[in-house]
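Undergrad: The file below is structure.txt, compact mmCIF, C-alpha atoms (C1' of nucleotides):
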```txt
# COMPACT_ATOMS: atom_id res chain seq x y z
CA MET A 1 25.36 7.59 13.86
CA ASN A 2 21.89 8.77 14.81
CA THR A 3 19.34 5.95 14.64
CA GLU A 4 16.33 8.22 14.24
CA GLU A 5 17.86 10.02 11.27
CA HIS A 6 19.11 6.74 9.84
CA ILE A 7 15.60 5.28 9.86
CA LYS A 8 14.21 8.40 8.23
CA ALA A 9 16.89 8.37 5.55
CA THR A 10 16.24 4.70 4.85
CA ALA A 11 12.49 5.28 4.62
CA LYS A 12 13.10 8.09 2.14
CA ASP A 13 15.31 5.83 0.09
CA ILE A 14 12.60 3.14 -0.03
CA PHE A 15 9.76 5.56 -0.78
CA PHE A 16 11.43 8.12 -3.02
CA PHE A 17 14.12 6.15 -4.79
CA LYS A 18 12.99 2.53 -4.84
CA GLY A 19 9.36 3.52 -5.34
CA ASN A 20 7.86 1.29 -2.66
CA LEU A 21 5.27 3.85 -1.64
CA HIS A 22 3.58 1.65 0.93
CA ALA A 23 6.47 -0.18 2.52
CA THR A 24 5.77 -2.01 5.76
CA THR A 25 7.59 -1.15 8.97
CA GLN A 26 9.38 -4.49 8.71
CA GLU A 27 10.66 -3.67 5.22
CA ILE A 28 11.92 -0.32 6.43
CA ALA A 29 13.53 -1.82 9.51
CA ASP A 30 15.23 -4.53 7.46
CA ALA A 31 16.57 -2.02 4.96
CA ALA A 32 17.89 0.10 7.82
CA ALA A 33 19.24 -3.01 9.59
CA VAL A 34 17.54 -2.10 12.86
CA ASN A 35 14.97 -3.77 15.06
CA ARG A 36 11.43 -2.96 13.98
CA SER A 37 10.49 -1.78 17.45
CA LEU A 38 12.83 1.16 17.04
CA ILE A 39 10.46 2.59 14.49
CA ASN A 40 7.77 2.71 17.14
CA TYR A 41 10.26 3.97 19.71
CA TYR A 42 11.27 6.94 17.59
CA PHE A 43 8.10 7.58 15.59
CA ARG A 44 5.24 6.15 17.72
CA SER A 45 3.47 4.63 14.73
CA ARG A 46 3.85 3.82 11.07
CA ASP A 47 1.44 6.60 10.17
CA HIS A 48 3.45 9.12 12.09
CA LEU A 49 6.67 8.09 10.35
CA PHE A 50 4.96 8.64 7.01
CA GLU A 51 3.77 12.01 8.17
CA VAL A 52 7.23 13.07 9.30
CA VAL A 53 8.78 11.96 6.03
CA TYR A 54 6.05 13.73 4.09
CA ASN A 55 6.49 16.99 5.92
CA GLU A 56 10.26 16.93 5.58
CA ALA A 57 9.98 16.26 1.87
CA VAL A 58 7.73 19.26 1.39
CA GLU A 59 10.01 21.37 3.55
CA THR A 60 13.14 20.36 1.65
CA MET A 61 11.46 21.02 -1.66
CA ARG A 62 10.37 24.46 -0.56
CA ASN A 63 13.78 25.34 0.81
CA GLN A 64 15.52 24.36 -2.39
CA LEU A 65 13.11 26.41 -4.47
CA ASP A 66 13.36 29.35 -2.07
CA ASN A 67 17.13 29.34 -2.24
CA VAL A 68 17.07 29.60 -6.01
CA ILE A 69 14.15 31.95 -6.39
CA TYR A 70 15.25 34.44 -3.75
CA SER A 71 18.84 34.50 -4.99
CA LYS A 72 19.85 37.85 -6.44
CA VAL A 73 20.90 36.84 -9.92
CA PRO A 74 19.63 37.73 -13.40
CA PHE A 75 16.46 35.94 -14.44
CA MET A 76 18.05 33.67 -17.02
CA ASP A 77 20.71 32.53 -14.58
CA LYS A 78 18.04 31.89 -12.00
CA LEU A 79 16.07 29.83 -14.48
CA GLU A 80 19.10 27.78 -15.36
CA SER A 81 19.88 27.26 -11.70
CA LEU A 82 16.30 26.24 -11.01
CA ILE A 83 16.42 23.62 -13.74
CA ASP A 84 19.71 22.34 -12.44
CA VAL A 85 18.66 22.08 -8.81
CA TYR A 86 15.22 20.66 -9.46
CA MET A 87 16.27 18.06 -11.99
CA LYS A 88 19.12 16.94 -9.78
CA GLU A 89 16.72 16.43 -6.89
CA ILE A 90 14.11 14.57 -8.91
CA LEU A 91 16.79 12.33 -10.37
CA LYS A 92 17.93 11.51 -6.85
CA TYR A 93 14.37 10.84 -5.68
CA PRO A 94 12.26 10.04 -8.76
CA TYR A 95 9.27 8.81 -6.76
CA LYS A 96 9.11 11.70 -4.31
CA GLU A 97 6.31 13.54 -6.07
CA SER A 98 4.31 10.37 -6.56
CA PHE A 99 4.67 9.70 -2.85
CA LEU A 100 3.47 13.19 -1.98
CA ILE A 101 0.50 12.92 -4.30
CA THR A 102 -0.68 9.58 -2.96
CA GLU A 103 -0.23 10.79 0.59
CA ILE A 104 -2.17 13.97 -0.08
CA CYS A 105 -5.00 11.93 -1.50
CA CYS A 106 -5.32 8.88 0.69
CA LYS A 107 -4.68 10.35 4.11
CA ASN A 108 -6.65 13.43 3.18
CA ILE A 109 -5.64 14.92 6.52
CA LEU A 110 -2.24 16.52 6.47
CA LEU A 111 -1.31 18.25 9.66
CA LYS A 112 1.29 20.85 8.82
CA GLU A 113 -1.30 22.43 6.56
CA LYS A 114 0.84 23.36 3.63
CA LYS A 115 -0.17 26.76 2.43
CA LYS A 116 0.65 28.43 -0.84
CA SER A 117 4.28 28.76 -1.74
CA GLN A 118 5.30 32.39 -1.38
CA SER A 119 8.42 31.85 -3.42
CA LEU A 120 6.65 30.28 -6.39
CA ILE A 121 4.19 33.13 -6.48
CA ALA A 122 7.07 35.59 -6.31
CA PHE A 123 8.69 33.70 -9.17
CA ALA A 124 5.50 33.96 -11.20
CA GLU A 125 5.64 37.70 -10.70
CA GLU A 126 9.25 37.78 -11.86
CA VAL A 127 8.33 35.72 -14.93
CA LYS A 128 5.57 38.20 -15.69
CA GLN A 129 8.02 41.10 -15.58
CA GLU A 130 10.43 39.29 -17.89
CA MET A 131 7.56 38.78 -20.30
CA GLU A 132 6.76 42.45 -20.25
CA LYS A 133 10.42 43.22 -20.82
CA GLY A 134 10.20 40.92 -23.83
CA THR A 135 12.94 38.55 -22.72
CA ILE A 136 10.57 35.60 -22.97
CA LYS A 137 7.37 35.07 -24.86
CA LYS A 138 4.15 36.33 -23.29
CA THR A 139 1.81 33.74 -21.75
CA ASP A 140 0.17 33.16 -18.42
CA PRO A 141 3.08 33.00 -15.92
CA ILE A 142 1.39 30.14 -14.09
CA HIS A 143 1.27 28.12 -17.30
CA PHE A 144 4.91 29.00 -17.87
CA ILE A 145 5.83 27.56 -14.50
CA ILE A 146 3.62 24.50 -14.92
CA ASN A 147 5.17 23.86 -18.33
CA LEU A 148 8.62 24.20 -16.85
CA PHE A 149 8.02 21.69 -14.07
CA SER A 150 6.20 19.32 -16.41
CA LEU A 151 9.11 19.20 -18.81
CA MET A 152 11.58 18.65 -15.99
CA ALA A 153 9.76 16.12 -13.84
CA TYR A 154 7.51 13.97 -15.98
CA PRO A 155 10.17 12.25 -18.10
CA ILE A 156 11.99 11.23 -14.94
CA ILE A 157 8.93 10.17 -12.99
CA MET A 158 7.65 8.07 -15.88
CA ALA A 159 11.02 6.73 -16.94
CA PRO A 160 10.14 3.03 -16.50
CA LEU A 161 7.08 3.47 -18.71
CA TYR A 162 8.80 5.35 -21.52
CA ARG A 163 11.78 3.07 -21.47
CA LYS A 164 9.38 0.26 -22.28
CA LEU A 165 7.44 2.24 -24.87
CA PHE A 166 10.54 3.23 -26.82
CA ASP A 167 12.46 0.08 -26.02
CA LEU A 168 15.43 1.93 -24.54
CA ASN A 169 17.84 0.47 -22.01
CA LYS A 170 18.85 2.30 -18.85
CA GLU A 171 21.94 3.84 -20.41
CA LYS A 172 20.16 5.11 -23.52
CA TYR A 173 17.40 6.65 -21.46
CA GLN A 174 19.88 8.20 -19.04
CA GLU A 175 21.59 9.78 -22.03
CA LEU A 176 18.25 11.14 -23.20
CA LEU A 177 17.56 12.64 -19.79
CA SER A 178 20.98 14.25 -19.62
CA GLU A 179 20.15 16.16 -22.80
CA ARG A 180 17.05 17.60 -21.26
CA LYS A 181 18.45 20.35 -19.03
CA ALA A 182 19.56 22.34 -22.05
CA LEU A 183 16.54 21.29 -24.07
CA VAL A 184 14.04 22.41 -21.44
CA PHE A 185 15.80 25.71 -21.01
CA LYS A 186 15.72 26.33 -24.73
CA LEU A 187 12.14 25.27 -25.24
CA ILE A 188 10.81 27.31 -22.36
CA THR A 189 12.66 30.53 -23.11
CA GLU A 190 12.10 30.88 -26.80
CA MET B 1 -25.07 -6.53 -14.98
CA ASN B 2 -21.83 -8.51 -15.05
CA THR B 3 -20.30 -8.85 -11.60
CA GLU B 4 -16.80 -9.53 -12.82
CA GLU B 5 -16.74 -6.42 -14.99
CA HIS B 6 -18.40 -4.42 -12.25
CA ILE B 7 -15.66 -5.33 -9.77
CA LYS B 8 -13.00 -4.43 -12.31
CA ALA B 9 -14.63 -1.10 -13.09
CA THR B 10 -14.89 -0.29 -9.38
CA ALA B 11 -11.27 -1.22 -8.81
CA LYS B 12 -10.24 1.07 -11.64
CA ASP B 13 -12.30 3.88 -10.16
CA ILE B 14 -10.60 3.43 -6.78
CA PHE B 15 -7.08 3.11 -8.20
CA PHE B 16 -7.16 5.49 -11.15
CA PHE B 17 -9.67 8.13 -10.08
CA LYS B 18 -9.67 8.18 -6.30
CA GLY B 19 -5.94 7.53 -6.12
CA ASN B 20 -6.05 4.73 -3.55
CA LEU B 21 -3.25 2.79 -5.20
CA HIS B 22 -3.14 0.04 -2.58
CA ALA B 23 -6.78 -0.47 -1.74
CA THR B 24 -7.65 -3.62 0.19
CA THR B 25 -10.02 -6.23 -1.21
CA GLN B 26 -12.55 -5.17 1.44
CA GLU B 27 -12.42 -1.56 0.29
CA ILE B 28 -12.93 -2.61 -3.29
CA ALA B 29 -15.77 -4.98 -2.39
CA ASP B 30 -17.49 -2.30 -0.31
CA ALA B 31 -17.22 0.26 -3.09
CA ALA B 32 -18.67 -2.26 -5.53
CA ALA B 33 -21.32 -3.29 -2.99
CA VAL B 34 -20.50 -6.97 -3.36
CA ASN B 35 -19.31 -9.68 -1.01
CA ARG B 36 -15.54 -9.74 -0.69
CA SER B 37 -15.40 -13.43 -1.55
CA LEU B 38 -16.54 -12.60 -5.06
CA ILE B 39 -13.19 -10.97 -5.68
CA ASN B 40 -11.52 -14.29 -4.98
CA TYR B 41 -14.16 -16.13 -6.95
CA TYR B 42 -13.56 -14.07 -10.09
CA PHE B 43 -9.90 -13.12 -9.70
CA ARG B 44 -8.35 -15.85 -7.48
CA SER B 45 -6.29 -13.37 -5.46
CA ARG B 46 -5.79 -9.71 -4.81
CA ASP B 47 -2.50 -9.77 -6.70
CA HIS B 48 -4.18 -11.27 -9.73
CA LEU B 49 -6.89 -8.57 -9.73
CA PHE B 50 -4.16 -5.95 -9.71
CA GLU B 51 -2.44 -7.69 -12.57
CA VAL B 52 -5.61 -7.87 -14.64
CA VAL B 53 -6.36 -4.20 -14.04
CA TYR B 54 -2.77 -3.30 -14.88
CA ASN B 55 -2.78 -5.22 -18.14
CA GLU B 56 -6.11 -3.81 -19.23
CA ALA B 57 -4.94 -0.28 -18.49
CA VAL B 58 -1.88 -0.74 -20.67
CA GLU B 59 -3.98 -2.34 -23.38
CA THR B 60 -6.55 0.46 -23.36
CA MET B 61 -3.84 3.08 -23.48
CA ARG B 62 -2.19 1.41 -26.45
CA ASN B 63 -5.46 1.00 -28.32
CA GLN B 64 -6.36 4.64 -27.90
CA LEU B 65 -2.94 5.75 -29.12
CA ASP B 66 -3.04 3.28 -32.00
CA ASN B 67 -6.43 4.53 -33.12
CA VAL B 68 -5.19 8.07 -33.34
CA ILE B 69 -1.73 7.41 -34.70
CA TYR B 70 -2.80 4.99 -37.42
CA SER B 71 -5.69 7.18 -38.54
CA LYS B 72 -5.21 8.57 -42.04
CA VAL B 73 -5.42 12.29 -41.37
CA PRO B 74 -2.96 15.16 -41.82
CA PHE B 75 -0.29 15.40 -39.16
CA MET B 76 -1.61 18.51 -37.46
CA ASP B 77 -5.10 17.04 -37.18
CA LYS B 78 -3.62 13.88 -35.80
CA LEU B 79 -1.67 15.85 -33.22
CA GLU B 80 -4.76 17.74 -32.17
CA SER B 81 -6.70 14.53 -31.93
CA LEU B 82 -3.94 12.92 -29.88
CA ILE B 83 -3.99 15.78 -27.41
CA ASP B 84 -7.76 15.61 -27.18
CA VAL B 85 -7.95 11.85 -26.63
CA TYR B 86 -5.04 11.62 -24.24
CA MET B 87 -5.99 14.56 -22.06
CA LYS B 88 -9.57 13.36 -21.86
CA GLU B 89 -8.40 9.96 -20.66
CA ILE B 90 -5.97 11.30 -18.11
CA LEU B 91 -8.61 13.67 -16.77
CA LYS B 92 -10.94 10.72 -16.35
CA TYR B 93 -8.25 8.64 -14.61
CA PRO B 94 -5.64 11.04 -13.21
CA TYR B 95 -3.88 8.38 -11.13
CA LYS B 96 -3.63 5.75 -13.84
CA GLU B 97 -0.02 6.46 -14.75
CA SER B 98 1.02 6.63 -11.11
CA PHE B 99 -0.61 3.25 -10.61
CA LEU B 100 1.23 1.78 -13.58
CA ILE B 101 4.55 3.16 -12.42
CA THR B 102 4.24 1.84 -8.88
CA GLU B 103 3.12 -1.54 -10.19
CA ILE B 104 6.00 -1.73 -12.65
CA CYS B 105 8.42 -1.02 -9.84
CA CYS B 106 7.17 -2.91 -6.85
CA LYS B 107 5.98 -6.12 -8.43
CA ASN B 108 8.93 -6.06 -10.76
CA ILE B 109 7.48 -9.07 -12.53
CA LEU B 110 4.85 -8.15 -15.08
CA LEU B 111 3.53 -11.08 -16.99
CA LYS B 112 2.14 -9.80 -20.26
CA GLU B 113 5.63 -8.54 -21.03
CA LYS B 114 4.82 -5.23 -22.57
CA LYS B 115 7.10 -4.69 -25.48
CA LYS B 116 7.84 -1.49 -27.32
CA SER B 117 4.89 0.41 -28.72
CA GLN B 118 4.95 0.06 -32.48
CA SER B 119 2.55 2.95 -32.89
CA LEU B 120 4.61 5.40 -30.83
CA ILE B 121 7.68 4.53 -32.83
CA ALA B 122 5.72 4.99 -36.04
CA PHE B 123 4.56 8.34 -34.71
CA ALA B 124 8.14 9.35 -34.00
CA GLU B 125 8.94 8.59 -37.61
CA GLU B 126 6.04 10.72 -38.76
CA VAL B 127 7.21 13.55 -36.51
CA LYS B 128 10.65 13.28 -38.05
CA GLN B 129 9.22 13.62 -41.54
CA GLU B 130 7.21 16.68 -40.54
CA MET B 131 10.39 18.19 -39.18
CA GLU B 132 12.16 17.58 -42.45
CA LYS B 133 9.23 19.13 -44.28
CA GLY B 134 9.67 22.13 -42.01
CA THR B 135 6.17 22.06 -40.58
CA ILE B 136 7.54 21.87 -37.05
CA LYS B 137 10.87 22.79 -35.57
CA LYS B 138 13.70 20.26 -35.82
CA THR B 139 14.61 18.37 -32.65
CA ASP B 140 14.92 14.76 -31.59
CA PRO B 141 11.49 13.23 -32.34
CA ILE B 142 11.65 11.25 -29.11
CA HIS B 143 12.13 14.45 -27.13
CA PHE B 144 9.26 15.97 -29.07
CA ILE B 145 6.99 13.14 -27.97
CA ILE B 146 8.24 13.16 -24.39
CA ASN B 147 7.68 16.91 -24.23
CA LEU B 148 4.19 16.47 -25.59
CA PHE B 149 3.19 13.86 -23.04
CA SER B 150 4.86 15.77 -20.22
CA LEU B 151 2.89 18.91 -20.97
CA MET B 152 -0.35 16.96 -21.19
CA ALA B 153 -0.07 14.62 -18.26
CA TYR B 154 1.99 16.19 -15.51
CA PRO B 155 -0.28 19.13 -14.65
CA ILE B 156 -3.18 16.73 -14.24
CA ILE B 157 -1.29 14.08 -12.32
CA MET B 158 0.14 16.65 -9.92
CA ALA B 159 -3.00 18.75 -9.65
CA PRO B 160 -3.40 18.40 -5.86
CA LEU B 161 0.18 19.58 -5.36
CA TYR B 162 0.00 22.60 -7.64
CA ARG B 163 -3.39 23.60 -6.36
CA LYS B 164 -1.77 23.93 -2.96
CA LEU B 165 1.34 25.65 -4.25
CA PHE B 166 -0.60 28.33 -6.13
CA ASP B 167 -3.50 28.38 -3.71
CA LEU B 168 -6.12 27.67 -6.36
CA ASN B 169 -9.49 26.09 -5.70
CA LYS B 170 -10.82 23.20 -7.77
CA GLU B 171 -12.72 25.44 -10.17
CA LYS B 172 -9.81 27.77 -10.84
CA TYR B 173 -7.47 24.88 -11.49
CA GLN B 174 -10.01 23.17 -13.70
CA GLU B 175 -10.20 26.37 -15.71
CA LEU B 176 -6.43 26.42 -16.01
CA LEU B 177 -6.40 22.83 -17.25
CA SER B 178 -9.09 23.51 -19.82
CA GLU B 179 -6.83 26.13 -21.38
CA ARG B 180 -4.05 23.65 -21.82
CA LYS B 181 -5.20 21.70 -24.88
CA ALA B 182 -4.74 24.74 -27.08
CA LEU B 183 -1.67 25.87 -25.18
CA VAL B 184 0.13 22.55 -25.49
CA PHE B 185 -0.65 22.35 -29.18
CA LYS B 186 0.71 25.84 -29.72
CA LEU B 187 3.82 25.37 -27.62
CA ILE B 188 4.74 22.08 -29.20
CA THR B 189 4.20 23.04 -32.83
CA GLU B 190 5.95 26.38 -32.96
C1' DA C 1 -39.77 -31.17 -12.41
C1' DC C 2 -35.20 -32.35 -11.64
C1' DA C 3 -30.35 -32.15 -12.10
C1' DT C 4 -26.40 -29.51 -13.06
C1' DT C 5 -23.90 -25.64 -13.37
C1' DT C 6 -23.03 -20.99 -11.95
C1' DG C 7 -23.07 -17.35 -8.63
C1' DT C 8 -23.28 -15.65 -3.78
C1' DT C 9 -22.80 -15.62 1.17
C1' DG C 10 -21.04 -15.93 5.95
C1' DA C 11 -17.99 -18.32 8.87
C1' DC C 12 -13.60 -19.74 9.58
C1' DA C 13 -8.49 -20.30 9.35
C1' DA C 14 -4.13 -18.58 8.03
C1' DA C 15 -1.03 -15.05 7.26
C1' DA C 16 0.73 -10.56 7.62
C1' DT C 17 1.22 -6.35 10.01
C1' DT C 18 1.23 -3.40 13.76
C1' DG C 19 1.81 -1.81 18.51
C1' DT C 20 3.13 -2.84 23.44
C1' DT C 21 5.83 -4.45 27.15
C1' DA C 22 9.35 -5.99 30.11
C1' DA C 23 13.86 -7.05 30.34
C1' DA C 24 18.64 -6.45 28.69
C1' DC C 25 22.11 -3.35 27.49
C1' DA C 26 24.65 1.05 27.06
C1' DT C 27 25.74 5.66 28.39
C1' DT C 28 26.12 9.34 31.36
C1' DA C 29 26.30 11.94 35.69
C1' DA C 30 26.53 12.10 40.55
C1' DT D 1 30.44 2.43 41.88
C1' DT D 2 25.88 3.35 41.54
C1' DA D 3 21.85 5.41 40.07
C1' DA D 4 19.46 7.33 36.45
C1' DT D 5 18.45 7.80 31.89
C1' DG D 6 18.27 6.53 27.22
C1' DT D 7 18.48 2.74 23.68
C1' DT D 8 17.78 -1.86 21.89
C1' DT D 9 15.84 -6.38 21.78
C1' DA D 10 12.70 -10.40 21.67
C1' DA D 11 8.34 -12.04 22.88
C1' DC D 12 3.71 -11.25 22.99
C1' DA D 13 -0.99 -9.48 21.93
C1' DA D 14 -4.10 -7.16 18.99
C1' DT D 15 -5.56 -6.01 14.65
C1' DT D 16 -5.99 -6.20 9.83
C1' DT D 17 -6.06 -8.55 5.70
C1' DT D 18 -6.30 -12.39 2.87
C1' DG D 19 -7.83 -16.88 1.17
C1' DT D 20 -10.76 -21.10 1.66
C1' DC D 21 -14.75 -23.69 2.30
C1' DA D 22 -19.24 -25.52 2.79
C1' DA D 23 -23.76 -24.19 2.50
C1' DC D 24 -27.17 -21.78 0.06
C1' DA D 25 -29.53 -19.42 -4.00
C1' DA D 26 -30.25 -18.57 -8.72
C1' DA D 27 -30.05 -19.72 -13.28
C1' DT D 28 -29.79 -23.06 -17.00
C1' DG D 29 -30.48 -27.18 -19.54
C1' DT D 30 -32.68 -31.77 -20.11
```
Could you spell out this file's structure in structure tokens?
TA:
Amino acid sequence: MNTEEHIKATAKDIFFFKGNLHATTQEIADAAAVNRSLINYYFRSRDHLFEVVYNEAVETMRNQLDNVIYSKVPFMDKLESLIDVYMKEILKYPYKESFLITEICCKNILLKEKKKSQSLIAFAEEVKQEMEKGTIKKTDPIHFIINLFSLMAYPIIMAPLYRKLFDLNKEKYQELLSERKALVFKLITE
Amino acid sequence: MNTEEHIKATAKDIFFFKGNLHATTQEIADAAAVNRSLINYYFRSRDHLFEVVYNEAVETMRNQLDNVIYSKVPFMDKLESLIDVYMKEILKYPYKESFLITEICCKNILLKEKKKSQSLIAFAEEVKQEMEKGTIKKTDPIHFIINLFSLMAYPIIMAPLYRKLFDLNKEKYQELLSERKALVFKLITE
DNA sequence: ACATTTGTTGACAAAATTGTTAAACATTAA
DNA sequence: TTAATGTTTAACAATTTTGTCAACAAATGT
């Protein structure tokens, strides 16, 4: 087993799943069951580890979206697939987007200067064409996409808050979330 | 001017507006232009300051929602008012919910054990009645509310990310957001 | 005016966190 | 086997961050 990858995977688990967005190197090392010095050996510094994890997260996200968006299937199938892939990922790593946001903001420098997503813009164009065809209701395609991602991500990201607000246990809330793939699809298309 | 309140207000600005969710006491003191010891004088410890800020944020949120939800106005007016109040607040403090979520998770202990929101549950009941009246489309009232908050909050919380993805400058994105009050109302009611 | 309480400050100590280094250990290739 | 290279470890040093304290200043009450 590759130590470098193992440390990275553990860091992702702590950041993206457990939600400890500012874990110390010791916490990461302990969780990975390795000596803390290995983090410096493989990643030079704590900051650099964060940067690597950040960049890989963005890359993974983009790849997943690209795969769906550039697939040659009818629009409605693509939409369904997008919802499936994206919600699966955000369920696996509910804190990923929060991590990205806080990293973007605090360490305002991000090296691999992430430019606009070609695929998302292509998708917006495809949405626009569907609207003109009349398959889905006419609005601003960018709003359509923002609505879509809002409905998918927010309930998962904010799960701990809404579970408290509505006094729902983990199972009940999980059940609620599982209903949402179909619900989001329906709401967004009609 | 009250030093204690001033420190709290500055901390909120750093956490909720600037997005520095793990600011040090020195950073907070500098931003407030006070001696760092004053933070210990008024709040005992860094942890306790975080706790106070957390509890006040939850309290404020609940009060604002209560005010709207328990107001005696027709449902549609109430909904419009809710959108207005909530989006104004989240625009003022875009990182507030992220702060709450990370605090809920990391320091798994939260003292003022926040119980279920009576007002939100009352609102769900009201939504249900409107659905039976036929004013709005029938779904699970809880999903209705989750959808509503998703559409309001997520685009603001994730603004830095989506600005990059769609290559929009601050002004363009601000314009997009300003369109959303009406858009959310429309999408949710029809 | 004086005493008492309240607020503020800088200096210090303690704790936590990070980064470095040299030595030990393992693996591979000559 | 030996040399060379790559990996792991513990100990150490440096830095950052927090909390405490005694002294000082300002405000308040008697």
Undergrad: With only C-alpha atoms (C1' of nucleotides) considered, list every residue of chain D at most 12 Å from chain A, as JSON, numbers by chain.
TA: {"D": [6, 7, 8, 9, 10, 11]}
Undergrad: Expressed in Å to a single decimal, how great is the separation between atom C1' of DA30 of chain C and atom C1' of DT5 of chain D?
TA: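 So the two atoms, atom C1' of DA30 of chain C and atom C1' of DT5 of chain D, lie 12.6 Å apart.
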Undergrad: B:Ala153, B:Ile69, B:Ala11, B:Met61: which is nearest Leu165 of chain A, counting all atoms listed in the file?
TA: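 For Leu165 of chain A, the nearest of the given residues is B:Met61.
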Undergrad: Using only C-alpha atoms (C1' of nucleotides), I'd like a table of the residues in chain A that come within 9 Å of chain C; for each, show the closest atom pair and its distance in Å rounded to one decimal, ordered by chain and ascending number, as CSV.
TA:
```
residue,atom,partner,partner_atom,distance
A:Thr24,CA,C:DT17,C1',7.6
A:Thr25,CA,C:DT18,C1',8.3
A:Gln26,CA,C:DT17,C1',8.5
A:Ser37,CA,C:DG19,C1',8.7
A:Asn40,CA,C:DG19,C1',7.6
A:Arg44,CA,C:DG19,C1',8.7
A:Ser45,CA,C:DG19,C1',7.6
A:Arg46,CA,C:DT18,C1',8.1
```
Undergrad: Tell me which protein, DNA and RNA residues are within 10 Å of Glu27 of chain A, counting all atoms listed in the file, leaving out same-chain ones fewer than 5 positions away, and put them as number ranges by chain.
TA: A: 11, 14, 20, 22, 32-33, 36
Undergrad: Please save C-alpha atoms of the selected residues as a CSV table (one decimal), in the frame of the given file.
TA:
```csv
chain,number,residue,atom,x,y,z
A,11,ALA,CA,12.5,5.3,4.6
A,14,ILE,CA,12.6,3.1,0.0
A,20,ASN,CA,7.9,1.3,-2.7
A,22,HIS,CA,3.6,1.6,0.9
A,32,ALA,CA,17.9,0.1,7.8
A,33,ALA,CA,19.2,-3.0,9.6
A,36,ARG,CA,11.4,-3.0,14.0
```
Undergrad: For chain A against chain B, with a cut-off of 7 Å and counting only C-alpha atoms, what is the closest atom pair and its distance in Å to one decimal for every residue that makes the cut, ordered by chain and number, as a Markdown table?
TA:
```
| residue | atom | partner | partner_atom | distance |
| --- | --- | --- | --- | --- |
| A:Gly19 | CA | B:Thr102 | CA | 6.4 |
| A:Asn20 | CA | B:Cys106 | CA | 6.0 |
| A:Ser98 | CA | B:Ser98 | CA | 6.7 |
| A:Ile101 | CA | B:Leu161 | CA | 6.8 |
| A:Thr102 | CA | B:Gly19 | CA | 6.5 |
| A:Cys105 | CA | B:Gly19 | CA | 6.4 |
| A:Cys106 | CA | B:Asn20 | CA | 6.0 |
| A:Lys115 | CA | B:Lys164 | CA | 6.3 |
| A:Lys116 | CA | B:Leu165 | CA | 4.5 |
| A:Ser117 | CA | B:Leu165 | CA | 5.0 |
| A:Ile121 | CA | B:Phe166 | CA | 6.8 |
| A:Ile146 | CA | B:Pro155 | CA | 6.6 |
| A:Asn147 | CA | B:Leu151 | CA | 6.1 |
| A:Ser150 | CA | B:Tyr154 | CA | 5.3 |
| A:Leu151 | CA | B:Ser150 | CA | 5.6 |
| A:Tyr154 | CA | B:Ser150 | CA | 5.3 |
| A:Pro155 | CA | B:Ile146 | CA | 6.6 |
| A:Met158 | CA | B:Ile101 | CA | 6.8 |
| A:Pro160 | CA | B:Ile101 | CA | 6.9 |
| A:Leu161 | CA | B:Ile101 | CA | 6.8 |
| A:Lys164 | CA | B:Lys116 | CA | 5.6 |
| A:Leu165 | CA | B:Lys116 | CA | 4.5 |
| A:Phe166 | CA | B:Lys116 | CA | 5.5 |
| A:Asp167 | CA | B:Lys116 | CA | 5.0 |
```
Undergrad: Calculate how many Å separate atom CA of Asp47 of chain A from atom CA of Phe16 of chain A, rounding to one decimal.
TA: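 Atom CA of Asp47 of chain A sits 16.6 Å away from atom CA of Phe16 of chain A.
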Undergrad: What gap, in Å, lies between atom CA of Phe123 of chain A and atom CA of Asp84 of chain A?
TA: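 Computing it gives 16.2 Å between the two atoms.
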